[in-house]
>>> print(open('upload-v5.cif').read())   # mmCIF, C-alpha atoms and all ligand atoms
data_my_file
loop_
_atom_site.label_atom_id
_atom_site.label_comp_id
_atom_site.auth_asym_id
_atom_site.auth_seq_id
_atom_site.Cartn_x
_atom_site.Cartn_y
_atom_site.Cartn_z
CA MET C 1 -19.53 21.48 -12.54
CA THR C 2 -16.33 23.50 -12.78
CA ARG C 3 -13.02 22.29 -14.14
CA ALA C 4 -11.70 22.31 -10.58
CA ASP C 5 -14.50 19.90 -9.63
CA GLU C 6 -13.60 17.46 -12.37
CA ALA C 7 -9.98 17.47 -11.26
CA ALA C 8 -10.92 16.42 -7.70
CA PRO C 9 -11.46 12.88 -6.39
CA ALA C 10 -15.11 11.80 -6.77
CA ALA C 11 -15.93 12.32 -3.09
CA TRP C 12 -14.72 15.93 -3.22
CA ARG C 13 -16.63 17.22 -6.23
CA GLY C 14 -19.22 19.98 -5.88
CA ARG C 15 -17.09 22.65 -4.23
CA PRO C 16 -13.87 24.36 -5.33
CA THR C 17 -10.71 23.28 -3.53
CA ARG C 18 -10.32 26.59 -1.70
CA GLU C 19 -13.74 26.08 -0.09
CA TRP C 20 -12.75 22.61 1.02
CA ALA C 21 -9.54 24.12 2.47
CA GLN C 22 -11.68 26.54 4.51
CA TYR C 23 -14.01 23.74 5.57
CA LEU C 24 -10.99 21.73 6.79
CA GLY C 25 -9.28 24.79 8.28
CA VAL C 26 -5.98 24.13 6.50
CA PRO C 27 -3.69 26.74 4.94
CA GLN C 28 -3.28 24.89 1.66
CA LEU C 29 -5.04 21.86 0.18
CA GLU C 30 -4.41 19.79 -2.91
CA LEU C 31 -7.07 17.34 -4.13
CA HIS C 32 -5.94 14.90 -6.80
CA PRO C 33 -7.96 12.16 -8.48
CA ARG C 34 -4.78 10.09 -8.71
CA LEU C 35 -1.20 10.40 -7.43
CA PRO C 36 1.68 7.98 -6.98
CA SER C 37 1.73 8.85 -3.25
CA THR C 38 0.33 11.78 -1.24
CA ASN C 39 3.43 11.61 1.01
CA ALA C 40 5.68 12.03 -2.04
CA ARG C 41 3.63 15.00 -3.27
CA LEU C 42 3.65 16.67 0.15
CA ARG C 43 7.43 16.30 0.30
CA VAL C 44 7.68 18.39 -2.88
CA LEU C 45 5.41 21.03 -1.33
CA ALA C 46 7.44 20.97 1.92
CA GLN C 47 10.54 21.71 -0.14
CA ALA C 48 8.82 24.88 -1.32
CA GLY C 49 8.26 25.91 2.31
CA VAL C 50 4.51 25.42 2.79
CA ALA C 51 2.95 25.90 6.24
CA SER C 52 2.09 23.27 8.84
CA PHE C 53 -1.23 21.53 8.18
CA THR C 54 -0.82 21.81 4.41
CA THR C 55 -2.76 18.77 3.23
CA VAL C 56 -2.76 16.56 0.14
CA VAL C 57 -5.59 14.10 -0.65
CA ALA C 58 -5.79 11.65 -3.55
CA GLY C 59 -8.71 9.51 -4.73
CA GLU C 60 -6.26 6.80 -5.72
CA GLN C 61 -2.54 6.14 -5.16
CA THR C 62 -0.60 4.19 -7.73
CA ALA C 63 2.50 3.81 -5.53
CA GLY C 64 1.09 4.19 -2.01
CA ARG C 65 3.74 3.62 0.63
CA GLY C 66 3.38 1.76 3.91
CA ARG C 67 5.69 1.38 6.90
CA GLU C 68 8.84 -0.68 6.69
CA GLY C 69 9.08 -0.27 2.90
CA ARG C 70 5.76 -2.01 2.26
CA THR C 71 3.29 -0.85 -0.35
CA TRP C 72 -0.11 0.52 0.59
CA HIS C 73 -2.90 -0.65 -1.68
CA SER C 74 -4.97 2.47 -2.44
CA PRO C 75 -7.69 1.69 -5.01
CA PRO C 76 -9.79 4.53 -6.43
CA ASP C 77 -12.43 6.11 -4.17
CA THR C 78 -12.38 3.39 -1.54
CA GLY C 79 -10.41 5.10 1.18
CA LEU C 80 -9.07 8.33 2.55
CA TRP C 81 -5.49 8.65 1.30
CA MET C 82 -4.18 11.83 2.88
CA SER C 83 -0.94 13.51 3.98
CA VAL C 84 -0.58 16.41 6.41
CA LEU C 85 2.53 18.43 7.24
CA LEU C 86 3.17 18.55 10.98
CA GLU C 87 6.12 19.33 13.24
CA ALA C 88 7.92 17.08 15.70
CA ALA C 89 8.73 18.32 19.20
CA SER C 90 12.46 18.41 18.39
CA ASN C 91 14.65 18.01 15.33
CA SER C 92 16.11 14.72 16.50
CA GLY C 93 13.34 12.56 15.02
CA ALA C 94 9.58 12.26 15.10
CA GLY C 95 9.60 11.25 18.82
CA VAL C 96 6.12 10.33 20.04
CA LEU C 97 4.38 12.22 17.23
CA PRO C 98 3.47 8.95 15.41
CA LEU C 99 1.72 7.77 18.58
CA ALA C 100 -0.13 11.08 18.98
CA VAL C 101 -1.25 10.81 15.35
CA GLY C 102 -2.49 7.28 16.08
CA VAL C 103 -4.58 8.52 19.01
CA SER C 104 -5.94 11.38 16.86
CA VAL C 105 -6.98 9.09 14.01
CA ALA C 106 -8.48 6.53 16.41
CA ARG C 107 -10.63 9.21 18.04
CA ALA C 108 -11.78 10.51 14.65
CA LEU C 109 -12.67 7.03 13.38
CA GLU C 110 -14.63 6.38 16.56
CA GLU C 111 -16.45 9.68 16.21
CA MET C 112 -17.36 8.85 12.61
CA SER C 113 -18.38 5.23 13.10
CA GLY C 114 -19.34 4.65 16.71
CA ALA C 115 -16.99 1.62 16.66
CA ARG C 116 -14.28 1.10 19.26
CA ILE C 117 -10.87 1.33 17.59
CA GLY C 118 -7.72 -0.38 18.88
CA LEU C 119 -4.15 0.86 18.55
CA LYS C 120 -1.36 -1.56 17.75
CA TRP C 121 2.05 -0.04 18.44
CA PRO C 122 3.34 2.05 16.88
CA ASN C 123 0.22 3.25 15.09
CA ASP C 124 -1.89 0.67 13.29
CA LEU C 125 -5.61 1.24 13.76
CA LEU C 126 -7.52 -1.96 14.32
CA LEU C 127 -11.05 -3.17 14.60
CA GLY C 128 -10.48 -6.35 16.58
CA PRO C 129 -7.39 -7.60 14.75
CA ALA C 130 -8.46 -6.23 11.33
CA LYS C 131 -6.53 -3.25 10.04
CA LEU C 132 -8.73 -0.23 9.33
CA ALA C 133 -6.04 2.36 8.87
CA GLY C 134 -2.29 2.92 8.88
CA ILE C 135 0.02 5.86 9.44
CA LEU C 136 3.38 6.60 7.84
CA CYS C 137 5.36 9.44 9.43
CA GLU C 138 8.38 10.51 7.40
CA ALA C 139 10.78 13.15 8.70
CA TYR C 140 11.33 15.83 6.09
CA GLY C 141 15.07 15.97 6.57
CA GLU C 142 17.91 16.00 9.08
CA ALA C 143 17.87 18.89 11.53
CA ASP C 144 14.36 19.74 10.42
CA ARG C 145 11.32 19.31 12.63
CA ARG C 146 8.86 18.93 9.81
CA VAL C 147 7.22 15.55 9.47
CA ILE C 148 5.13 14.31 6.57
CA VAL C 149 2.26 12.42 8.14
CA GLY C 150 0.55 10.00 5.77
CA ILE C 151 -2.80 8.55 6.82
CA GLY C 152 -4.57 5.77 4.96
CA VAL C 153 -8.09 4.74 6.03
CA ASN C 154 -9.82 1.78 4.37
CA VAL C 155 -13.37 3.08 4.01
CA ARG C 156 -15.07 0.64 1.66
CA ARG C 157 -14.27 -2.74 0.19
CA PRO C 158 -13.08 -2.32 -3.43
CA ALA C 159 -15.59 -3.80 -5.88
CA GLY C 160 -12.75 -5.60 -7.68
CA GLY C 161 -11.49 -7.22 -4.46
CA TYR C 162 -7.99 -7.08 -3.02
CA PRO C 163 -4.81 -8.73 -4.28
CA ALA C 164 -4.72 -12.36 -3.14
CA GLU C 165 -1.64 -11.83 -0.99
CA LEU C 166 -3.52 -9.20 1.01
CA ALA C 167 -6.75 -11.12 1.36
CA GLY C 168 -8.43 -11.72 4.65
CA LEU C 169 -7.38 -9.24 7.28
CA ALA C 170 -8.58 -5.72 6.47
CA GLY C 171 -11.39 -3.82 8.09
CA PHE C 172 -13.49 -1.23 6.28
CA LEU C 173 -14.87 1.68 8.22
CA GLU C 174 -18.12 1.85 6.28
CA GLU C 175 -18.98 -1.71 7.32
CA VAL C 176 -19.05 -0.75 10.98
CA SER C 177 -20.60 2.69 10.61
CA GLU C 178 -24.24 3.35 11.29
CA GLU C 179 -24.42 6.16 8.74
CA GLY C 180 -22.86 6.69 5.31
CA LEU C 181 -19.34 8.08 5.46
CA GLU C 182 -18.32 11.21 3.62
CA MET C 183 -14.59 11.57 2.95
CA PRO C 184 -14.49 15.35 3.63
CA ARG C 185 -16.16 14.87 7.03
CA LEU C 186 -13.75 12.07 7.86
CA ALA C 187 -10.77 14.24 6.84
CA GLY C 188 -12.18 17.13 8.90
CA ALA C 189 -12.58 14.92 11.98
CA ILE C 190 -8.99 13.66 11.67
CA LEU C 191 -7.58 17.17 11.22
CA GLY C 192 -9.57 18.40 14.22
CA GLU C 193 -8.15 15.64 16.42
CA LEU C 194 -4.61 16.29 15.10
CA ARG C 195 -4.98 19.90 16.23
CA SER C 196 -5.88 18.72 19.73
CA TRP C 197 -3.39 15.89 20.20
CA ALA C 198 -0.50 16.28 17.74
CA HIS C 199 0.03 20.02 17.41
CA PRO C 200 2.17 21.24 18.98
CA ALA C 201 3.74 17.79 19.08
CA PRO C 202 3.95 16.28 22.57
CA GLU C 203 7.41 15.51 23.91
CA PHE C 204 6.34 12.44 25.83
CA LEU C 205 3.54 9.93 25.98
CA SER C 206 2.16 11.18 29.28
CA GLY C 207 -0.95 12.59 30.93
CA ALA C 208 -4.15 12.60 28.89
CA LEU C 209 -2.36 11.42 25.73
CA GLN C 210 -1.02 8.38 27.57
CA ALA C 211 -4.50 7.63 28.93
CA GLU C 212 -5.98 7.89 25.42
CA TRP C 213 -3.32 5.50 24.15
CA GLU C 214 -3.65 3.00 26.98
CA THR C 215 -7.41 2.69 26.74
CA ARG C 216 -7.03 1.60 23.08
CA ASP C 217 -3.74 -0.32 23.42
CA CYS C 218 -4.50 -3.76 22.03
CA LEU C 219 -1.01 -5.24 22.55
CA ARG C 220 -0.75 -4.92 26.32
CA GLY C 221 -0.61 -8.35 27.92
CA ARG C 222 -0.33 -10.16 24.57
CA PRO C 223 2.45 -12.55 23.58
CA VAL C 224 4.51 -11.04 20.75
CA ARG C 225 7.67 -11.47 18.72
CA LEU C 226 9.79 -8.45 17.84
CA ASP C 227 11.78 -8.00 14.60
CA SER C 228 14.90 -8.84 16.64
CA GLY C 229 13.41 -12.29 17.35
CA ILE C 230 12.81 -11.51 21.03
CA ARG C 231 9.60 -13.04 22.35
CA GLY C 232 7.70 -11.93 25.37
CA THR C 233 4.60 -10.28 26.77
CA VAL C 234 3.87 -6.64 26.09
CA GLN C 235 3.95 -4.51 29.23
CA GLY C 236 3.03 -1.26 27.56
CA VAL C 237 4.61 1.76 25.92
CA SER C 238 7.19 3.94 27.70
CA SER C 239 6.91 7.73 27.93
CA GLU C 240 9.47 7.94 25.10
CA GLY C 241 7.16 5.84 22.95
CA TYR C 242 9.08 2.54 23.10
CA LEU C 243 7.23 -0.77 23.29
CA THR C 244 8.27 -2.65 26.44
CA VAL C 245 8.29 -6.44 26.29
CA LEU C 246 8.92 -8.77 29.22
CA SER C 247 10.66 -12.01 28.20
CA ALA C 248 10.21 -15.36 29.97
CA ASP C 249 13.74 -15.00 31.48
CA GLY C 250 12.64 -11.78 33.20
CA SER C 251 14.57 -9.40 30.95
CA VAL C 252 12.82 -6.34 29.52
CA ALA C 253 13.32 -5.44 25.84
CA LEU C 254 12.49 -2.06 24.36
CA ALA C 255 11.41 -1.79 20.71
CA ARG C 256 12.10 1.66 19.28
CA ALA C 257 10.95 0.97 15.71
CA GLY C 258 9.82 -1.88 13.50
CA SER C 259 6.92 -4.28 13.54
CA VAL C 260 5.43 -6.56 16.15
CA GLN C 261 4.03 -10.01 15.40
CA VAL C 262 1.21 -10.97 17.74
CA GLU C 263 1.56 -14.66 18.57
CA SER C 264 -1.99 -15.01 19.83
CA TRP C 265 -4.84 -12.54 19.87
CA GLY C 266 -6.78 -14.74 22.24
CA PHE C 267 -9.92 -14.57 20.11
CA PRO C 268 -10.81 -15.62 16.56
CA ARG C 269 -10.19 -12.93 13.93
CA SER C 270 -13.64 -13.34 12.51
CA ALA C 271 -15.29 -12.59 15.84
CA ALA C 272 -14.35 -8.93 15.68
CA VAL C 273 -14.80 -8.10 12.02
CA ARG C 274 -18.02 -7.64 10.17
CA GLY C 275 -17.60 -9.05 6.68
CA THR C 276 -14.67 -11.00 5.33
CA GLY C 277 -11.84 -10.70 2.87
CA GLY C 278 -9.47 -7.97 1.79
CA THR C 279 -6.70 -6.33 3.73
CA ASN C 280 -4.29 -3.51 3.58
CA GLN C 281 -0.91 -4.47 4.98
CA PRO C 282 -2.42 -6.38 7.87
CA GLY C 283 -0.85 -6.69 11.23
CA PRO C 284 -0.45 -10.43 11.94
C1 LIG B 1 1.21 1.44 7.20
O1 LIG B 1 2.04 0.69 6.67
O2 LIG B 1 0.40 1.02 8.02
C2 LIG B 1 1.16 2.89 6.83
C3 LIG B 1 0.26 3.15 5.67
C4 LIG B 1 0.18 4.63 5.30
C5 LIG B 1 -0.62 4.84 4.03
C6 LIG B 1 -0.83 6.29 3.75
S1 LIG B 1 -2.03 6.56 2.48
C7 LIG B 1 -1.61 8.24 2.40
C8 LIG B 1 -0.10 8.34 2.57
N1 LIG B 1 0.58 8.24 1.30
C9 LIG B 1 1.33 7.14 1.20
O3 LIG B 1 2.00 6.81 0.22
N2 LIG B 1 1.21 6.43 2.33
C10 LIG B 1 0.39 7.10 3.32
#
>>> encode(input="upload-v5.cif", output="structure tokens", more="lines below")
Ligand code: BTN
Amino acid sequence: MTRADEAAPAAWRGRPTREWAQYLGVPQLELHPRLPSTNARLRVLAQAGVASFTTVVAGEQTAGRGREGRTWHSPPDTGLWMSVLLEAASNSGAGVLPLAVGVSVARALEEMSGARIGLKWPNDLLLGPAKLAGILCEAYGEADRRVIVGIGVNVRRPAGGYPAELAGLAGFLEEVSEEGLEMPRLAGAILGELRSWAHPAPEFLSGALQAEWETRDCLRGRPVRLDSGIRGTVQGVSSEGYLTVLSADGSVALARAGSVQVESWGFPRSAAVRGTGGTNQPGP
């Protein structure tokens, strides 16, 4: 084993990093056993002007970040904690890129597991209502198209369990996969799908991308509450990527950002999830 091997996360030992970069088809790859956050590390690399698809992977994150300022629990060697540098379609925000990343990751998880993955706007990846993976897209800066795309996939249940406040709602990809999951193959599948669906970034949710989204959309027709307090039934997602919600009074609300609380899934949580316990920033 080389020194480079020892410095990689457990799942990535056995080959030097440059070989893994070739395997993944990325211009630059960093593999870290432990980082505060792969998104934070990629931001530093972006500052130095690295190319699109530069990728950072960590075996563990000590300060993993989730959407809306939440933390992302990233215990050692239990998930794929990865960030990829992509570009938005314009420099006025990420646009529909977060949705395209959601479709890409859903397709890759399906390919790897054979399970049917749901998408909860804007880009939570669900197995039934259990959260398998989350995506955090952070614009690099104003007037800059670059976007740091952080992807966290819960692969296996941590032996030490999850913090009590997170217990009960996570899904773990390995528990629904017919074969053992290798992190490099999972990363390769995700990067391959990102090349097809998120690069170059689409301007609108339309055509084949819209169809891919709609077939996995698990909010459509469900009663929800938006951060603004508005309640209603989800109609779908507009071509600009906004969630459209029809209220009981007939008015239509558009959610551009934030979280959605599902008031009723219409089926018991346990029915859709193999195994119990543990979560990673669950969607309600
Ligand atoms: C969410 O809240 O659903 C988004 C979670 C995103 C987690 C990933 S793990 C890799 C990358 N680095 C981070 O600090 N966060 C993202």
>>> closest_residue(input="upload-v5.cif", among="C:Asp249, C:Asp217, C:Asp144, C:Glu179", to="Ala106 of chain C", atoms="only C-alpha atoms")
C:Asp217
>>> closest_residue(input="upload-v5.cif", among="C:Gly49, C:Gly250, C:Pro75, C:Gly207", to="Ala159 of chain C", atoms="all atoms listed in the file")
C:Pro75
>>> closest_atom_pairs(input="upload-v5.cif", of="chain C", to="ligand LIG 1 (chain B)", cutoff="6 Å", atoms="all atoms listed in the file", output="tab-separated table")
residue	atom	partner	partner_atom	distance
C:Ser37	CA	B:LIG1	O3	4.0
C:Thr38	CA	B:LIG1	N1	4.4
C:Asn39	CA	B:LIG1	N1	4.4
C:Gly64	CA	B:LIG1	O3	3.6
C:Arg65	CA	B:LIG1	O3	3.7
C:Gly66	CA	B:LIG1	O1	3.2
C:Arg67	CA	B:LIG1	O1	3.7
C:Trp72	CA	B:LIG1	C5	5.5
C:Trp81	CA	B:LIG1	C7	4.1
C:Met82	CA	B:LIG1	C7	4.4
C:Ser83	CA	B:LIG1	C8	5.4
C:Asp124	CA	B:LIG1	O2	5.8
C:Gly134	CA	B:LIG1	O2	3.4
C:Ile135	CA	B:LIG1	C2	4.1
C:Leu136	CA	B:LIG1	C2	4.4
C:Gly150	CA	B:LIG1	C8	3.7
C:Ile151	CA	B:LIG1	C6	4.3
C:Gly152	CA	B:LIG1	S1	3.6
>>> closest_residue(input="upload-v5.cif", among="C:Gly258, C:Pro184, C:Gly229, C:Gly160", to="Gly25 of chain C", atoms="all atoms listed in the file")
C:Pro184
>>> residues_near_point(input="upload-v5.cif", point="(-4.2, -11.4, 17.4)", cutoff="7 Å", atoms="all atoms listed in the file", output="MDAnalysis selection string")
chainID C and resid 129 262:266 284
>>> residues_around(input="upload-v5.cif", residues="segment 84-88 of chain C", least_positions_apart="5", cutoff="7 Å", atoms="all atoms listed in the file", output="PyMOL selection string")
chain C and resi 52-56+94-95+97+145-150+201
>>> atom_distance(input="upload-v5.cif", atom1="atom CA of Glu240 of chain C", atom2="atom CA of Leu99 of chain C")
10.1 Å
>>> atom_distance(input="upload-v5.cif", atom1="atom CA of Leu219 of chain C", atom2="atom CA of Val234 of chain C")
6.2 Å
>>> residues_near_point(input="upload-v5.cif", point="(-2.6, 1.6, 14.3)", cutoff="10 Å", atoms="all atoms listed in the file", output="list of chain:residue names")
C:Pro98, C:Leu99, C:Val101, C:Gly102, C:Val103, C:Val105, C:Ala106, C:Ile117, C:Gly118, C:Leu119, C:Lys120, C:Trp121, C:Pro122, C:Asn123, C:Asp124, C:Leu125, C:Leu126, C:Leu127, C:Lys131, C:Leu132, C:Ala133, C:Gly134, C:Ile135, C:Arg216, C:Asp217, C:Cys218, C:Gly283
>>> closest_residue(input="upload-v5.cif", among="C:Ala8, C:Ala130, C:Ala248, C:Cys137", to="Leu42 of chain C", atoms="all atoms listed in the file")
C:Cys137
>>> atom_distance(input="upload-v5.cif", atom1="atom CA of Thr17 of chain C", atom2="atom CA of Glu30 of chain C")
7.2 Å
>>> residues_around(input="upload-v5.cif", residues="segment 185-191 of chain C", least_positions_apart="6", cutoff="7 Å", atoms="all atoms listed in the file", output="list in words")
Leu24, Ser104, Val105, Ala108 and Met112 of chain C
>>> closest_residue(input="upload-v5.cif", among="C:Leu45, C:Ala63, C:Leu80, C:Ala139", to="Arg156 of chain C", atoms="all atoms listed in the file")
C:Leu80
>>> closest_residue(input="upload-v5.cif", among="C:Tyr162, C:Phe172, C:Tyr242, C:Tyr140", to="Ala46 of chain C", atoms="only C-alpha atoms")
C:Tyr140
>>> residues_around(input="upload-v5.cif", residues="Ala115 of chain C", least_positions_apart="5", cutoff="9 Å", atoms="all atoms listed in the file", output="PyMOL selection string")
chain C and resi 109-110+127+173+176-177
